[in-house]
Structures are given as C-alpha cells and as structure tokens.
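**Student:** Following this line is my_file08.txt, made up of compact mmCIF, C-alpha atoms:
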```
# COMPACT_ATOMS: atom_id res chain seq x y z
CA MET I 1 6.80 24.95 21.59
CA SER I 2 9.21 23.67 18.96
CA THR I 3 7.99 21.14 16.48
CA ALA I 4 11.45 19.95 15.53
CA PRO I 5 12.00 16.23 16.18
CA THR I 6 13.26 15.55 19.68
CA ALA I 7 15.41 12.67 18.51
CA SER I 8 16.99 11.88 15.18
CA PRO I 9 15.79 8.59 13.73
CA GLN I 10 18.55 6.33 12.53
CA PRO I 11 18.67 5.63 8.78
CA PRO I 12 19.15 2.11 7.52
CA ALA I 13 22.69 1.24 6.52
CA GLY I 14 21.77 -0.43 3.25
CA GLY I 15 19.63 2.34 1.81
CA PRO I 16 16.38 4.16 2.40
CA PRO I 17 13.01 2.58 2.94
CA ALA I 18 10.59 2.77 0.04
CA ALA I 19 7.44 3.52 2.03
CA PRO I 20 6.53 6.77 3.74
CA LYS I 21 5.67 7.22 7.35
CA SER I 22 1.99 7.01 8.13
CA GLY I 23 -0.12 10.11 7.70
CA GLY I 24 -3.77 11.00 7.85
CA GLY I 25 -4.33 9.89 4.27
CA ALA I 26 -3.22 6.37 5.14
CA LYS I 27 -6.43 5.91 7.15
CA VAL I 28 -8.09 4.88 3.88
CA PHE I 29 -6.06 1.69 4.01
CA LEU I 30 -6.39 1.36 7.78
CA TRP I 31 -10.17 1.67 7.43
CA ILE I 32 -10.21 -1.27 5.06
CA LEU I 33 -8.07 -3.25 7.47
CA GLY I 34 -10.44 -2.28 10.26
CA ILE I 35 -13.86 -3.10 8.81
CA PHE I 36 -12.55 -6.16 7.03
CA ALA I 37 -10.41 -7.34 9.97
CA GLY I 38 -10.07 -11.11 9.88
CA PHE I 39 -10.92 -11.11 6.18
CA PHE I 40 -7.84 -9.34 4.84
CA VAL I 41 -5.85 -12.43 3.83
CA LEU I 42 -8.96 -13.76 2.10
CA ILE I 43 -9.48 -10.41 0.39
CA ILE I 44 -6.03 -10.82 -1.15
CA VAL I 45 -6.95 -14.36 -2.17
CA ALA I 46 -10.28 -13.22 -3.60
CA PHE I 47 -8.67 -10.38 -5.54
CA ALA I 48 -6.09 -12.75 -7.02
CA ALA I 49 -8.71 -15.39 -7.82
CA LEU I 50 -11.13 -12.93 -9.40
CA GLY I 51 -8.21 -11.34 -11.22
CA PHE I 52 -7.38 -14.73 -12.72
CA TYR I 53 -10.93 -14.89 -13.94
CA ALA I 54 -10.78 -11.37 -15.41
CA ALA I 55 -7.57 -12.22 -17.24
CA HIS I 56 -9.11 -15.45 -18.59
CA LYS I 57 -6.24 -17.46 -17.12
CA ILE I 58 -8.65 -20.09 -15.85
CA LYS I 59 -11.30 -21.42 -18.22
CA GLN I 60 -14.52 -23.23 -17.35
CA ALA I 61 -12.98 -25.39 -14.65
CA ALA I 62 -15.75 -27.37 -12.92
CA GLY I 63 -18.21 -24.88 -14.44
CA ASN I 64 -17.04 -22.25 -11.95
CA PRO I 65 -13.69 -20.71 -12.94
CA VAL I 66 -13.62 -18.21 -10.06
CA TYR I 67 -14.19 -21.03 -7.57
CA ALA I 68 -11.40 -23.05 -9.18
CA ALA I 69 -9.10 -20.04 -9.01
CA ALA I 70 -10.00 -19.43 -5.35
CA LYS I 71 -9.21 -23.05 -4.47
CA PHE I 72 -5.88 -22.72 -6.24
CA MET I 73 -5.01 -19.46 -4.44
CA VAL I 74 -5.90 -20.93 -1.03
CA ALA I 75 -3.74 -23.99 -1.73
CA ALA I 76 -0.86 -21.74 -2.80
CA ASN I 77 -1.06 -19.54 0.31
CA PRO I 78 0.99 -21.01 3.21
CA ASP I 79 -1.08 -19.01 5.74
CA LEU I 80 -4.31 -20.78 4.74
CA GLU I 81 -5.62 -24.32 4.68
CA THR I 82 -8.81 -25.75 3.21
CA VAL I 83 -11.09 -27.32 5.82
CA THR I 84 -13.86 -28.38 3.44
CA SER I 85 -14.89 -27.63 -0.14
CA ASP I 86 -18.08 -28.27 -2.10
CA ASP I 87 -17.68 -28.03 -5.85
CA SER I 88 -21.43 -28.19 -6.52
CA SER I 89 -22.20 -25.11 -4.43
CA GLY I 90 -18.88 -23.29 -5.04
CA THR I 91 -18.12 -23.12 -1.31
CA ILE I 92 -14.75 -23.35 0.45
CA THR I 93 -14.22 -23.32 4.22
CA VAL I 94 -10.77 -21.96 5.04
CA ARG I 95 -8.70 -21.77 8.24
CA ASP I 96 -6.08 -19.09 8.86
CA ARG I 97 -3.07 -21.03 10.18
CA LYS I 98 -1.78 -18.02 12.15
CA THR I 99 -4.99 -17.06 13.95
CA GLY I 100 -6.94 -20.30 13.80
CA LYS I 101 -9.99 -18.39 12.55
CA VAL I 102 -12.28 -20.12 10.08
CA SER I 103 -14.09 -18.40 7.20
CA THR I 104 -16.31 -19.60 4.38
CA MET I 105 -15.91 -18.40 0.80
CA LYS I 106 -18.92 -18.86 -1.53
CA VAL I 107 -18.57 -18.02 -5.22
CA ASP I 108 -21.33 -17.14 -7.66
CA PRO I 109 -19.66 -17.28 -11.11
CA ASP I 110 -22.61 -15.76 -12.97
CA LYS I 111 -22.74 -12.65 -10.80
CA LYS I 112 -18.91 -12.59 -10.37
CA VAL I 113 -19.44 -12.35 -6.62
CA MET I 114 -17.63 -13.93 -3.71
CA VAL I 115 -19.12 -13.75 -0.21
CA VAL I 116 -16.78 -14.38 2.71
CA THR I 117 -18.36 -15.15 6.09
CA ASP I 118 -16.37 -15.51 9.30
CA GLU I 119 -17.01 -17.89 12.19
CA ASN I 120 -19.12 -15.22 13.93
CA GLY I 121 -21.45 -14.76 10.98
CA LYS I 122 -20.00 -11.43 9.78
CA SER I 123 -19.76 -11.24 6.02
CA VAL I 124 -18.07 -9.27 3.28
CA THR I 125 -19.29 -9.31 -0.32
CA MET I 126 -16.70 -8.92 -3.08
CA LYS I 127 -17.90 -8.21 -6.60
CA LEU I 128 -15.66 -8.17 -9.64
CA ASP I 129 -16.14 -5.52 -12.31
CA THR I 130 -14.34 -7.23 -15.20
CA ALA I 131 -14.70 -4.22 -17.50
CA HIS I 132 -12.56 -2.10 -15.17
CA ASN I 133 -10.55 -4.81 -13.37
CA LYS I 134 -12.05 -3.60 -10.11
CA LEU I 135 -12.97 -5.43 -6.91
CA VAL I 136 -15.74 -3.77 -4.87
CA MET I 137 -16.01 -4.83 -1.23
CA THR I 138 -19.11 -4.26 0.88
CA ASP I 139 -19.43 -5.09 4.57
CA GLU I 140 -22.61 -6.15 6.34
CA HIS I 141 -23.42 -2.51 7.18
CA GLY I 142 -23.26 -1.42 3.54
CA LYS I 143 -19.92 0.34 3.80
CA THR I 144 -17.91 -0.07 0.60
CA ALA I 145 -14.38 0.20 -0.74
CA SER I 146 -12.92 -0.63 -4.13
CA ILE I 147 -9.55 -1.90 -5.30
CA THR I 148 -8.63 -1.32 -8.93
CA ALA I 149 -5.54 -2.95 -10.40
CA ASP I 150 -3.69 -2.20 -13.62
CA ALA I 151 -1.82 -5.41 -14.43
CA GLN I 152 0.33 -3.81 -17.12
CA SER I 153 1.62 -0.90 -15.04
CA GLY I 154 1.45 -2.67 -11.68
CA ASN I 155 -0.60 0.17 -10.17
CA VAL I 156 -3.27 -0.29 -7.51
CA GLU I 157 -5.88 2.28 -6.45
CA ILE I 158 -7.99 1.95 -3.30
CA LYS I 159 -11.06 4.14 -2.85
CA SER I 160 -13.59 4.59 -0.07
CA GLN I 161 -15.76 7.40 1.22
CA ASP I 162 -12.87 8.29 3.52
CA GLY I 163 -10.41 8.98 0.71
CA THR I 164 -8.16 7.52 -1.96
CA MET I 165 -4.87 5.65 -1.94
CA LYS I 166 -2.66 4.91 -4.95
CA LEU I 167 0.29 2.54 -5.09
CA GLY I 168 2.75 2.21 -7.96
CA ALA I 169 4.04 4.45 -10.72
CA GLY I 170 0.56 5.92 -11.18
CA ALA I 171 0.54 7.50 -7.73
CA ASP I 172 -0.07 11.26 -7.58
CA LYS I 173 2.92 13.57 -7.83
CA ALA I 174 4.23 15.30 -4.73
CA PRO I 175 2.99 18.87 -4.03
CA ASP I 176 5.11 21.82 -5.17
CA TRP I 177 6.38 22.48 -1.66
CA VAL I 178 8.17 19.08 -1.62
CA PRO I 179 11.63 19.56 -3.20
CA VAL I 180 12.77 17.46 -6.15
CA TYR I 181 16.49 16.83 -6.51
CA PRO I 182 18.03 18.51 -9.60
CA GLY I 183 18.29 16.12 -12.52
CA ALA I 184 16.34 13.40 -10.72
CA ALA I 185 13.60 11.38 -12.41
CA PRO I 186 11.38 10.61 -9.41
CA GLN I 187 9.05 7.64 -9.44
CA ASN I 188 5.89 8.32 -7.46
CA THR I 189 5.25 5.14 -5.49
CA PHE I 190 2.51 6.06 -3.02
CA SER I 191 -0.12 8.74 -2.45
CA ALA I 192 -3.19 9.01 -0.26
CA SER I 193 -5.65 11.76 0.55
CA ASP I 194 -8.71 12.31 2.68
CA ASP I 195 -10.60 15.28 4.04
CA LYS I 196 -7.88 16.06 6.59
CA SER I 197 -4.53 15.39 4.94
CA ILE I 198 -2.47 14.21 2.00
CA THR I 199 0.55 11.94 2.18
CA GLY I 200 2.82 10.17 -0.26
CA SER I 201 6.31 9.33 -1.40
CA TYR I 202 8.63 9.18 -4.36
CA VAL I 203 11.97 7.46 -4.99
CA PHE I 204 14.91 7.92 -7.34
CA THR I 205 18.56 6.99 -7.85
CA THR I 206 21.40 9.41 -8.48
CA LYS I 207 25.15 9.14 -8.98
CA ASP I 208 25.71 11.99 -6.52
CA PRO I 209 27.00 11.06 -3.04
CA VAL I 210 24.72 10.77 -0.04
CA ASP I 211 26.00 13.92 1.68
CA LYS I 212 25.32 16.06 -1.42
CA VAL I 213 21.76 14.77 -1.70
CA LEU I 214 21.00 15.29 1.97
CA GLY I 215 22.66 18.70 1.89
CA TYR I 216 20.41 19.81 -0.94
CA TYR I 217 17.23 18.70 0.82
CA GLY I 218 18.32 20.16 4.15
CA ASP I 219 19.17 23.55 2.64
CA THR I 220 16.08 23.69 0.42
CA LEU I 221 13.67 22.72 3.17
CA LYS I 222 15.27 25.19 5.60
CA ALA I 223 14.95 27.95 3.02
CA GLY I 224 11.28 27.02 2.71
CA GLY I 225 10.67 27.58 6.43
CA PHE I 226 11.05 24.00 7.69
CA LYS I 227 12.75 23.09 10.97
CA ILE I 228 15.45 20.55 10.10
CA SER I 229 16.89 17.47 11.80
CA ASN I 230 19.48 15.21 10.18
CA THR I 231 21.71 12.26 10.88
CA THR I 232 24.12 9.99 9.00
CA THR I 233 25.67 6.57 9.59
CA ASN I 234 28.51 4.56 8.12
CA SER I 235 28.14 0.79 8.25
CA ASN I 236 30.72 -1.44 6.61
CA GLY I 237 31.85 1.45 4.46
CA LYS I 238 28.34 2.28 3.21
CA VAL I 239 27.02 5.72 4.05
CA ALA I 240 23.34 6.38 4.73
CA GLY I 241 21.53 9.39 6.08
CA LEU I 242 18.24 11.05 6.87
CA VAL I 243 16.89 14.58 6.79
CA SER I 244 13.50 15.44 8.27
CA GLY I 245 11.76 18.79 8.16
CA SER I 246 8.52 20.15 9.61
CA THR I 247 6.70 23.45 9.69
CA ASP I 248 4.98 24.92 12.74
CA GLY I 249 2.31 22.61 14.09
CA ASP I 250 3.62 19.85 11.84
CA LYS I 251 1.27 21.14 9.16
CA GLN I 252 3.78 19.99 6.57
CA THR I 253 6.46 17.34 7.05
CA VAL I 254 9.09 15.89 4.73
CA ILE I 255 11.40 12.94 5.44
CA VAL I 256 14.29 12.12 3.11
CA THR I 257 16.44 9.01 3.42
CA ALA I 258 19.43 8.26 1.23
CA GLY I 259 21.84 5.34 1.12
CA GLU I 260 24.70 4.06 -1.03
CA ASP I 261 24.01 1.13 -3.32
CA THR I 262 25.78 -0.61 -6.18
CA ASP I 263 24.17 1.61 -8.84
CA GLY I 264 24.40 4.90 -6.96
CA THR I 265 22.61 6.67 -4.15
CA LYS I 266 19.04 5.49 -3.59
CA VAL I 267 16.73 8.15 -2.21
CA SER I 268 13.22 8.01 -0.75
CA VAL I 269 11.21 11.16 -0.06
CA SER I 270 7.97 10.97 1.94
CA TYR I 271 5.67 13.84 2.83
CA ASN I 272 2.51 14.67 4.75
CA SER I 273 0.36 17.78 4.83
CA LYS I 274 -2.59 18.64 7.04
CA LYS I 275 -5.48 20.36 5.26
```
Can you dump the structure from the file as structure tokens?
**Tutor:**
Amino acid sequence: MSTAPTASPQPPAGGPPAAPKSGGGAKVFLWILGIFAGFFVLIIVAFAALGFYAAHKIKQAAGNPVYAAAKFMVAANPDLETVTSDDSSGTITVRDRKTGKVSTMKVDPDKKVMVVTDENGKSVTMKLDTAHNKLVMTDEHGKTASITADAQSGNVEIKSQDGTMKLGAGADKAPDWVPVYPGAAPQNTFSASDDKSITGSYVFTTKDPVDKVLGYYGDTLKAGGFKISNTTTNSNGKVAGLVSGSTDGDKQTVIVTAGEDTDGTKVSVSYNSKK
C-alpha cells in the first residue's frame, strides 16, 4: 500500500506556516494540556507572575510580590476575571470568561509556590526555581512537568517523563536525513522527542524563487527514497507552494512550505521520525 499522500494540501498564499504538523513528540505538550486541563490559562498566568518575581520586576508589594504579580496578570488577561481576592492570605479566586470555570490561586511567597485548585477540588502545584528560571508543575497524582524559560534568547523548554519539547532558537537541529537548502541559515524553532518519535521544524529566508526552493527539496527527498507530493498556488501575484515526502510506513516524513514575501522567499521545514 502506498504511503504517498492521497491529496495535496494547499499552501497558504502569503507564505508558509511556522509550526510543524503534529507528531509523536508533540504528546509532551498534549500531556501537559491533558493533566492540567482547565488550568492551562492559569499556568500561563502563574508562569508570567512567577517570572516577574524571578526578574525582580515587582518588589515587596503587600509583602507578597508573587501574589501582587498574579493579581496584575489576571487583571491584564481579557479571558480572566477576579471573583474575590484576599491580600492577607495571598488568595485569588478567578473565573475563566470563556468556560465559566472558577479556580483559586493561593501564593506562598516564602516557598515560591502557587497552588491552583479548580471548582471540583483538583489542584496543581507550581513551584518556581529562581536559580534556573524554571516552573515545576505537579498534579494531585504526583505527575510532574517543568517549563524553563530563557528570557534573553526567548527559548522555552518543556520536560516531562514522556519526553522533551523545545521552542525558540535553542531547539534541537534537524536530523541529517532532513535536507538543508544550500546557503541557507536555518533557525531551529521547534523540536520534541519521546520514546516513540522525534519531530521539529526550522525556518529560513532566501532570495531564490519559490519554484527553485521546492524543486531542490523535491529532488533531494526523492533521491533519498521519499515518496513526493507537491502543489503550488498563485494568489494576487504571490506564489506559494508545498512539498511533502514520506518513506515506507511513514517512518520518516518531511513537509516543506515556501511563499513569496517582501524580503524574499520564506521557507518552513517540518519533520517527523518514528523510532
């Protein structure tokens, strides 16, 4: 049975997407979304609030700088509203405007811990490691994940027992079997790995036309044993295209999108490999 795509996906007219298609490695992120479902918006708030504390952007406000930062982040988030707050105990009750769900955030500034409890009594503990700018999340069953941010480079790394995900320029480089366009300076934007697969992406810009870029990837992947599918579009005079390749059993897949922009051809390359 052929593993070549049965239909050619249509590339965007304005340029390629920056994110790769989902692969097995992406389950690291999906796991976090799963066990912390209902808490995810508050996790973002907590990470930002605790990050403020780590960066010393908020001083001893009300004797509890993390609490003050959390209140500020809730007020600044249009998806959240404060139901009640208690400065003496460092507790904020928050409603998600989209879902209507209510959660309580309680901050312990000495331990650098924030505990978020939903309306059903499920809780997630978030502890800040200021020395490493890391947020460690633990659910009520003891399952953990960590998010580490590098403010200077803009990189984020997510780790759990299921695998690792990296976002930003610090993401892992693509494997050798993923072609790199001649003369390109690829920026690795995403990588993830677990016990079953690896996946990731890189992007770059070149002055070469779209058809030359796609031709290179199509020919190189075909020479490497990939089954190839490609398509191009022309919208308002802007050319965009896509080349996808896969080996037998979809053990390895590569998707390349390219589109014209004001500063040249923007290219995104995503890949996935089953272990």
**Student:** Go through I:Thr148, I:Asp263, I:Asp250, I:Pro179 one by one, measure the shortest atom-to-atom distance of each to Ala223 of chain I using only C-alpha atoms, and give the residue with the smallest value.
**Tutor:**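 Checking each of I:Thr148, I:Asp263, I:Asp250, I:Pro179 against Ala223 of chain I, counting only C-alpha atoms, the winner is I:Pro179.
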**Student:** For each of I:Ala75, I:Val203, I:Val115, I:Leu80, take the minimum atom-to-atom distance to Lys266 of chain I, counting all atoms listed in the file, then give the residue where this is smallest.
**Tutor:**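 Of I:Ala75, I:Val203, I:Val115, I:Leu80, the one nearest Lys266 of chain I is I:Val203, counting all atoms listed in the file.
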**Student:** Pick out the closest residue to Thr233 of chain I from this set: I:Ala192, I:Leu214, I:Gln252, I:Gly259. Count only C-alpha atoms.
**Tutor:** I:Gly259
**Student:** With distances taken over all atoms listed in the file, which of I:Asn188, I:Ser235, I:Asn272, I:Thr82 is nearest to Ala171 of chain I?
**Tutor:**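 Of all the options, I:Asn188 lies closest to Ala171 of chain I.
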**Student:** Please measure the separation of atom CA of Val267 of chain I and atom CA of Gly170 of chain I, giving the value in Å to one decimal.
**Tutor:**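 Taking atom CA of Val267 of chain I as the start and atom CA of Gly170 of chain I as the end point, the length is 18.6 Å.
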**Student:** Pick out the residues sitting within 12 Å of Tyr217 of chain I, and hand them over as a compact mmCIF listing (two decimals) with C-alpha atoms, keeping the file's coordinate frame; count only C-alpha atoms, and ignore anything fewer than 4 positions along from it in its own chain.
**Tutor:**
```txt
# COMPACT_ATOMS: atom_id res chain seq x y z
CA TRP I 177 6.38 22.48 -1.66
CA VAL I 178 8.17 19.08 -1.62
CA PRO I 179 11.63 19.56 -3.20
CA VAL I 180 12.77 17.46 -6.15
CA TYR I 181 16.49 16.83 -6.51
CA PRO I 182 18.03 18.51 -9.60
CA VAL I 210 24.72 10.77 -0.04
CA ASP I 211 26.00 13.92 1.68
CA LYS I 212 25.32 16.06 -1.42
CA VAL I 213 21.76 14.77 -1.70
CA LEU I 221 13.67 22.72 3.17
CA LYS I 222 15.27 25.19 5.60
CA ALA I 223 14.95 27.95 3.02
CA GLY I 224 11.28 27.02 2.71
CA PHE I 226 11.05 24.00 7.69
CA LYS I 227 12.75 23.09 10.97
CA ILE I 228 15.45 20.55 10.10
CA SER I 229 16.89 17.47 11.80
CA ASN I 230 19.48 15.21 10.18
CA GLY I 241 21.53 9.39 6.08
CA LEU I 242 18.24 11.05 6.87
CA VAL I 243 16.89 14.58 6.79
CA SER I 244 13.50 15.44 8.27
CA GLY I 245 11.76 18.79 8.16
CA VAL I 254 9.09 15.89 4.73
CA ILE I 255 11.40 12.94 5.44
CA VAL I 256 14.29 12.12 3.11
CA THR I 257 16.44 9.01 3.42
CA ALA I 258 19.43 8.26 1.23
CA VAL I 267 16.73 8.15 -2.21
CA SER I 268 13.22 8.01 -0.75
CA VAL I 269 11.21 11.16 -0.06
```
**Student:** Restricting the calculation to all atoms listed in the file, which member of I:Thr205, I:Asn155, I:Thr262, I:Thr117 is positioned closest to Lys238 of chain I?
**Tutor:**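 Of all the options, I:Thr262 lies closest to Lys238 of chain I.
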**Student:** Which residue out of I:Asp79, I:Val116, I:Lys122, I:Ala131 has the minimum interatomic distance to Gly100 of chain I when only C-alpha atoms are used?
**Tutor:**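 Among I:Asp79, I:Val116, I:Lys122, I:Ala131, it is I:Asp79 that comes nearest to Gly100 of chain I.
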**Student:** How far is it from atom CA of Asp162 of chain I to atom CA of Asn120 of chain I, in Å with one decimal?
**Tutor:**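 A separation of 26.5 Å between them.
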**Student:** If I take atom CA of Arg97 of chain I and atom CA of Ala76 of chain I, how far is one from the other in Å, to one decimal?
**Tutor:**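 We find that atom CA of Arg97 of chain I and atom CA of Ala76 of chain I lie 13.2 Å from each other.
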**Student:** I'd like the neighbourhood of Phe190 of chain I as a list in words, where a residue qualifies if any of its atoms comes within 10 Å (using all atoms listed in the file), though same-chain residues fewer than 3 positions away should be ignored.
**Tutor:**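 Surrounding residues, per the criterion: Ala18, Ala19, Pro20, Ala26, Asn155, Val156, Glu157, Met165, Lys166, Leu167, Gly168, Ala169, Gly170, Ala171, Asp172, Lys173, Ala174, Gln187, Thr199, Gly200, Ser201, Tyr202, Val203 and Ser270 of chain I.
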**Student:** Padding 4 Å on every side, please: axis-aligned box over the listed atoms of segment 196-205 of chain I, centre and edge lengths to one decimal in Å, as JSON.
**Tutor:**
```
{"center_x": 5.3, "center_y": 11.5, "center_z": -0.6, "size_x": 34.4, "size_y": 17.1, "size_z": 22.4}
```
**Student:** Please list, as a list in words, the residues that have an atom at most 12 Å away from (0.6, 23.0, 11.2) in the coordinates of this file, counting only C-alpha atoms.
**Tutor:** Ser2, Thr3, Lys196, Ser197, Phe226, Ser246, Thr247, Asp248, Gly249, Asp250, Lys251, Gln252, Thr253, Asn272, Ser273, Lys274 and Lys275 of chain I
**Student:** Complete the atoms of segment 120-151 of chain I to N, CA and C atoms and put them out as a CSV table (one decimal), in the frame of the given file.
**Tutor:**
```csv
chain,number,residue,atom,x,y,z
I,120,ASN,N,-18.1,-15.9,13.1
I,120,ASN,CA,-19.1,-15.2,13.9
I,120,ASN,C,-20.3,-14.8,13.1
I,121,GLY,N,-20.3,-15.1,11.8
I,121,GLY,CA,-21.4,-14.8,11.0
I,121,GLY,C,-21.3,-13.4,10.3
I,122,LYS,N,-20.2,-12.7,10.5
I,122,LYS,CA,-20.0,-11.4,9.8
I,122,LYS,C,-19.6,-11.7,8.4
I,123,SER,N,-20.1,-10.9,7.4
I,123,SER,CA,-19.8,-11.2,6.0
I,123,SER,C,-19.3,-10.0,5.3
I,124,VAL,N,-18.5,-10.3,4.2
I,124,VAL,CA,-18.1,-9.3,3.3
I,124,VAL,C,-18.4,-9.8,1.9
I,125,THR,N,-19.0,-8.9,1.1
I,125,THR,CA,-19.3,-9.3,-0.3
I,125,THR,C,-18.3,-8.6,-1.2
I,126,MET,N,-17.7,-9.4,-2.1
I,126,MET,CA,-16.7,-8.9,-3.1
I,126,MET,C,-17.2,-9.2,-4.5
I,127,LYS,N,-17.4,-8.1,-5.2
I,127,LYS,CA,-17.9,-8.2,-6.6
I,127,LYS,C,-16.9,-7.7,-7.6
I,128,LEU,N,-16.6,-8.5,-8.6
I,128,LEU,CA,-15.7,-8.2,-9.6
I,128,LEU,C,-16.3,-7.4,-10.8
I,129,ASP,N,-15.7,-6.3,-11.1
I,129,ASP,CA,-16.1,-5.5,-12.3
I,129,ASP,C,-15.1,-5.8,-13.4
I,130,THR,N,-15.4,-6.8,-14.2
I,130,THR,CA,-14.3,-7.2,-15.2
I,130,THR,C,-14.0,-6.2,-16.2
I,131,ALA,N,-15.0,-5.3,-16.5
I,131,ALA,CA,-14.7,-4.2,-17.5
I,131,ALA,C,-13.6,-3.2,-17.0
I,132,HIS,N,-13.5,-3.1,-15.7
I,132,HIS,CA,-12.6,-2.1,-15.2
I,132,HIS,C,-11.5,-2.8,-14.3
I,133,ASN,N,-11.5,-4.1,-14.2
I,133,ASN,CA,-10.6,-4.8,-13.4
I,133,ASN,C,-10.6,-4.3,-11.9
I,134,LYS,N,-11.8,-4.2,-11.4
I,134,LYS,CA,-12.0,-3.6,-10.1
I,134,LYS,C,-12.7,-4.6,-9.2
I,135,LEU,N,-12.3,-4.6,-7.9
I,135,LEU,CA,-13.0,-5.4,-6.9
I,135,LEU,C,-13.7,-4.5,-5.9
I,136,VAL,N,-15.0,-4.6,-5.8
I,136,VAL,CA,-15.7,-3.8,-4.9
I,136,VAL,C,-16.1,-4.6,-3.7
I,137,MET,N,-15.7,-4.1,-2.5
I,137,MET,CA,-16.0,-4.8,-1.2
I,137,MET,C,-17.1,-4.1,-0.4
I,138,THR,N,-18.0,-4.8,0.1
I,138,THR,CA,-19.1,-4.3,0.9
I,138,THR,C,-19.3,-5.1,2.2
I,139,ASP,N,-19.3,-4.4,3.3
I,139,ASP,CA,-19.4,-5.1,4.6
I,139,ASP,C,-20.9,-5.2,4.9
I,140,GLU,N,-21.2,-5.9,6.0
I,140,GLU,CA,-22.6,-6.2,6.3
I,140,GLU,C,-23.4,-4.9,6.7
I,141,HIS,N,-22.7,-3.8,6.9
I,141,HIS,CA,-23.4,-2.5,7.2
I,141,HIS,C,-23.6,-1.6,5.9
I,142,GLY,N,-23.1,-2.2,4.8
I,142,GLY,CA,-23.3,-1.4,3.5
I,142,GLY,C,-22.1,-0.5,3.2
I,143,LYS,N,-21.1,-0.5,4.0
I,143,LYS,CA,-19.9,0.3,3.8
I,143,LYS,C,-19.1,-0.3,2.7
I,144,THR,N,-18.6,0.5,1.8
I,144,THR,CA,-17.9,-0.1,0.6
I,144,THR,C,-16.5,0.5,0.4
I,145,ALA,N,-15.7,-0.2,-0.3
I,145,ALA,CA,-14.4,0.2,-0.7
I,145,ALA,C,-14.1,-0.6,-2.0
I,146,SER,N,-13.3,0.0,-2.9
I,146,SER,CA,-12.9,-0.6,-4.1
I,146,SER,C,-11.4,-0.7,-4.3
I,147,ILE,N,-11.0,-1.7,-4.9
I,147,ILE,CA,-9.6,-1.9,-5.3
I,147,ILE,C,-9.5,-2.1,-6.8
I,148,THR,N,-8.8,-1.2,-7.5
I,148,THR,CA,-8.6,-1.3,-8.9
I,148,THR,C,-7.2,-1.6,-9.3
I,149,ALA,N,-6.9,-2.6,-10.1
I,149,ALA,CA,-5.5,-3.0,-10.4
I,149,ALA,C,-5.3,-2.8,-11.9
I,150,ASP,N,-4.1,-2.3,-12.2
I,150,ASP,CA,-3.7,-2.2,-13.6
I,150,ASP,C,-2.5,-3.2,-13.8
I,151,ALA,N,-2.8,-4.3,-14.4
I,151,ALA,CA,-1.8,-5.4,-14.4
I,151,ALA,C,-0.6,-5.0,-15.2
```
